[in-house]
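See structure below.
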Amino acid sequence: MITTADDPDWYDYANQKWANAVILNYGVSNNLGKILKVPTSKSTDTDVKAMLVWIPRYEYKIEDTYGTHPDGTGGTQAKPGEIKINFIETSKTEASEGYIIHPAFWWDDNSNGERELGEELSGIWVGKFETTGDASSPTILPNLQSLCGQTVSTQFTTAKKLIETILGTRYDSHMAKNSEWGAVAYLSQSKYGKYGNPNYTGANKEVYINNSSDHYTGRSGGKPSEATYSNGSCYYDTIFDGGSGTGQCGGGATTTGNITGVYDMNGGAFEYVMGNYNGDVGSSGFPTVPELKYYDKYTSWTLEKACNNGVCYGHALSETSGWYSDYPYFVDSSLPWLVRGGDYSNRINAGVFSFSHESGSSVDGASFRIILARPLKYR
């Protein structure tokens with residue numbers, strides 16, 4: 001439903017209700033109170049071109065190796081604990097003691113590697129689902145097949161087409177960087193995300209896997225990643241609570257455990273992100289890598305030395321490696337492009353903290369996610 005920015009029911013992060021927004025199809029009215037059509041199990045009719053979720057600027061802290069639980073006990077690899085998060089303003093550029101300001105909220109506009117005035121972000125809009133549509137007209141919608149089978153360079157070009165004729169240059173529409181994936185993943189493992197949702201207990205704290213073998217967006221089997229595979233039948237809007245700490249079958253596959261979160265970050269299609277080893281283009285189709293603001297450059301295949309000979313804080317790499325038993329395979333000179341989330345068939349090794357490597361070539365099971373960022377200097 002169309003509302004206003006002053007609506008008190010629009011979001012409530014303290015109760016795992018994240019802000020959502022849409023880009024309307026051309027010609028659709030934006031009258032207050034209008035109920036919008038999106039694809040469902042019964043119809044593909046839609047008023048909407050794209051659905052987006054707001055990730056506010058924050059600083060974070062990971063205590064112990066796997067975070068800590070509310071009762072004070074330490075997390076484990078199979079059941080990691082909370083990532084502590086404080087939401088902060090753009091004016092705060094020095095982190096609180098023990099915290100790190102997440103790198104996704106810096107837009108290096110001139111790609112010079114220096115943090116300058118006007119480059120701090122108040123947050124980012126993240127594609128609520130894997131990208132759908134086609135190369136000339138991308139969309140971000142539920143209950144449609146993910147757009148797969150493109151090289152990384154084609155995905156990069158496709159992502160920029162989402163808004164280039166809609167909102168002009170005041171926003172930047174781009175293919176998700178790995179650090180931006182990390183920002184969503186960390187928030188999901190905080191008190192503001194599914195980890196903090198009281199409707200889920202134990203292993204059910206993990207974002208449920210999208211186990212659609214046909215890569216339909218927003219699907220779920222209503223379970224965490226498992227060693228066995230069964231094709232799930234829950235849709236994104238299957239949001240009744242099953243009880244016993246299992247929460248929602250469809251909503252459990254989001255970063256909040258409800259319909260307001262980000263879907264398809266565990267399973268579905270695996271997702272290429274703009275994370276690259278040392279500028280090697282591989283089979284991506286790029287003649288050279290894009291400007292530095294559009295990708296994360298990793299200069300070592302050793303996780304602890306990948307960012308300027310040190311840890312890549314906030315990138316959901318060494319800090320969260322192996323959480324929930326997710327795959328931890330990093331980029332190198334032969335497979336220089338990072339992929340996230342795992343495929344539906346990766347089962348227990350898929351998840352929001354899963355990462356692996358590919359050549360950058362087109363793969364039938366490889367999709368991507370779109371991000372919208374608005375640097376303050378353009379406001």
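Residue names in the structure tokens use chain letters A, B, ... in the order shown, residue numbers from 1 in each chain, and ligand numbers from 1 in the order shown.
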* To do: Identify all residues of range 148-183 of chain A in strand (DSSP E or B) (DSSP on the backbone) and supply them as a VMD selection string.
  => chain A and resid 172 to 175 177
Just write the chosen residues, N, CA and C atoms, as a compact mmCIF listing (two decimals), in the first residue's frame.
```txt
# COMPACT_ATOMS: atom_id res chain seq x y z
N ASP A 172 22.40 6.06 -7.70
CA ASP A 172 23.26 5.16 -8.44
C ASP A 172 22.71 3.75 -8.29
N SER A 173 22.30 3.16 -9.40
CA SER A 173 21.82 1.78 -9.43
C SER A 173 22.97 0.90 -9.88
N HIS A 174 23.35 -0.06 -9.06
CA HIS A 174 24.51 -0.85 -9.43
C HIS A 174 24.39 -2.28 -8.90
N MET A 175 25.20 -3.14 -9.44
CA MET A 175 25.28 -4.53 -8.98
C MET A 175 25.92 -4.55 -7.60
N LYS A 177 28.00 -4.87 -4.41
CA LYS A 177 29.37 -5.19 -4.01
C LYS A 177 29.32 -6.21 -2.88
```
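Of the listed residues A:Glu119, A:Glu206, A:Glu94, A:Asp12, the one whose atoms come nearest to Lys194 in chain A is A:Glu206, with distances taken using only C-alpha atoms.
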* Asked: Near range 243-248 of chain A, counting only C-alpha atoms, which residues have an atom at most 8 Å away, once you skip same-chain residues fewer than 6 positions from it, shown as a ChimeraX atom specification?
  -> /A:198-202,204,222-223,257-258
Save out the residues we just selected, C-alpha atoms, as a PDB file, in the first residue's frame.
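Output below, filename again.pdb:
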```pdb
ATOM      1  CA  PRO A 198      11.398 -14.040  19.046  1.00  0.00           C
ATOM      2  CA  ASN A 199       9.314 -16.280  16.781  1.00  0.00           C
ATOM      3  CA  TYR A 200      12.439 -18.309  15.914  1.00  0.00           C
ATOM      4  CA  THR A 201      14.547 -20.416  18.252  1.00  0.00           C
ATOM      5  CA  GLY A 202      17.697 -22.533  17.991  1.00  0.00           C
ATOM      6  CA  ASN A 204      15.667 -21.720  13.094  1.00  0.00           C
ATOM      7  CA  GLY A 222      10.281 -23.283   5.809  1.00  0.00           C
ATOM      8  CA  LYS A 223      13.483 -24.785   7.197  1.00  0.00           C
ATOM      9  CA  GLY A 257      11.933 -13.607   9.655  1.00  0.00           C
ATOM     10  CA  ASN A 258       8.939 -11.747   8.250  1.00  0.00           C
TER      11      ASN A 258
END
```
* **Surrounding residues of Ala159 in chain A excluding itself and chain neighbours under 6 positions, 9 Å, only C-alpha atoms, as an MDAnalysis selection string** => chainID A and resid 131 135 138 173:176 368:371
Could those residues be written to a file, using C-alpha atoms, as a PDB file, in the first residue's frame?
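Writing done, so here's out_21.pdb:
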```pdb
ATOM      1  CA  THR A 131      17.051  -9.677  -9.959  1.00  0.00           C
ATOM      2  CA  ALA A 135      18.828  -7.709 -19.682  1.00  0.00           C
ATOM      3  CA  PRO A 138      15.473  -5.672 -15.109  1.00  0.00           C
ATOM      4  CA  SER A 173      21.821   1.780  -9.428  1.00  0.00           C
ATOM      5  CA  HIS A 174      24.515  -0.854  -9.426  1.00  0.00           C
ATOM      6  CA  MET A 175      25.281  -4.528  -8.984  1.00  0.00           C
ATOM      7  CA  ALA A 176      25.833  -5.373  -5.317  1.00  0.00           C
ATOM      8  CA  PHE A 368      22.797 -11.068  -8.892  1.00  0.00           C
ATOM      9  CA  ARG A 369      21.291  -8.335  -6.719  1.00  0.00           C
ATOM     10  CA  ILE A 370      20.776  -4.625  -7.344  1.00  0.00           C
ATOM     11  CA  ILE A 371      21.630  -1.801  -4.933  1.00  0.00           C
TER      12      ILE A 371
END
```
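Distance annotation: of A:Ser91, A:Asn346, A:Asn309, A:Ser321, the residue with the minimal separation from Ser212 in chain A is A:Asn346; atom set is only C-alpha atoms.
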